[in-house]
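**Student:** Have a look at the structure that comes next, please.
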Amino acid sequence: MNNSGKRLSTPTILLIAGGVIAALVAVVAVVAVNRNSDKTASSGTPETSASPWTAPSTSRRSAPQANGQLPPFTPTEHLGSDCQYPPSTDPASKPVNPPRTGKVPTDPAQVSVSMVTDQGNVGLQLTNNQSPCTVNSFVSLAQQGFFDDTQCHRLTTSPSLSVLQCGDPKGTGAGGPGYQFANEYPTDQFPPYDSVLNQPVVYPRGTLAMANAGPGTNGSQFFMVYQDSQLPPQYTIFGTIQDDGLAMLDKVAAAGVKGGGDDGSPATKVTITSVRLD
């Protein structure tokens with residue numbers, strides 16, 4: 001999800017035509033972050049520096065792709081045992097401390113979060129049992145007020161990609177927390193470099209996922225899926241969106257993209273005022 005800034009910034013997102021990726025430019029756009037900050041920057045060029053991504057065990061066999069669906073979740077051997085958040089190429093766009101490193105709990109399985117925006121409330125259920133390092137980062141940022149008073153900078157309304165991208169304090173798609181971290185579910189369900197990782201699967205309506213510019217470039221930018229969307233399984237899913245949030249997303253999507261088209265700033269401005277644990 002790249003569009004304008006971190007993970008989902010400006011890009012050429014993965015243009016999926018008729019359910020097939022017409023172009024998986026560099027690092028799929030939907031979350032291709034900006035090279036500057038969060039990995040999905042608005043400039044659109046993904047980071048080229050060494051990635052901290054830790055590949056899953058090569059002994060893991062590829063999960064079968066059932067009609068383009070996400071693979072069933074199977075805990076990896078080292079799930080949540082060594083979460084690392086090395087510095088990214090660009091400094092934090094807002095003062096913030098990196099989350100704790102090392103082993104993080106996978107219990108409770110779900111963490112409830114309330115996101116308040118000027119367009120309505122968004123209830124989130126974070127899947128701590130599937131993507132604990134990602135949840136650990138998101139919760140840390142939320143507790144430090146990193147998302148407060150930030151604008152959701154990108155709306156995509158194409159038939160195959162329907163998402164609202166947020167999490168950049170700059171509101172441009174080029175901002176981030178000054179650190180990056182590895183992919184988790186569903187990427188970790190496959191051996192590294194498996195060709196299946198480049199084949200689109202359905203990210204269903206109500207999915208909360210990280211934007212990025214390639215493996216190991218996750219930061220603070222995330223996207224919310226309001227209609228089933230097709231993406232390669234390279235964007236970490238770390239939660240689901242409750243009904244109140246989906247109603248807000250539907251309203252924003254109905255207003256379309258500013259200036260027309262199907263990818264750009266939402267015509268209805270969305271500002272996150274707070275993100276807090278319930």
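Please note that chains go A, B, ... in the order of the structure tokens, that every chain numbers its residues from 1, and that ligands are numbered from 1 in the order shown.
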Just list as a PyMOL selection string whatever in segment 55-217 of chain A DSSP marks as strand (DSSP E).
**Tutor:** chain A and resi 110-117+120-127+150-151+154-158+161-166+201-203+207-210
**Student:** Tell me which protein, DNA and RNA residues are within 8 Å of Leu246 of chain A, counting only C-alpha atoms, leaving out same-chain ones fewer than 6 positions away, and put them as an NGL selection string.
**Tutor:** :A and (122 or 206 or 226)
**Student:** Could you check the closest approach to Pro186 of chain A for each of A:Asn97, A:Asn128, A:Gln119, A:Gln234 and tell me which residue wins, using only C-alpha atoms?
**Tutor:**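 Nearest candidate to Pro186 of chain A out of A:Asn97, A:Asn128, A:Gln119, A:Gln234: A:Gln234.
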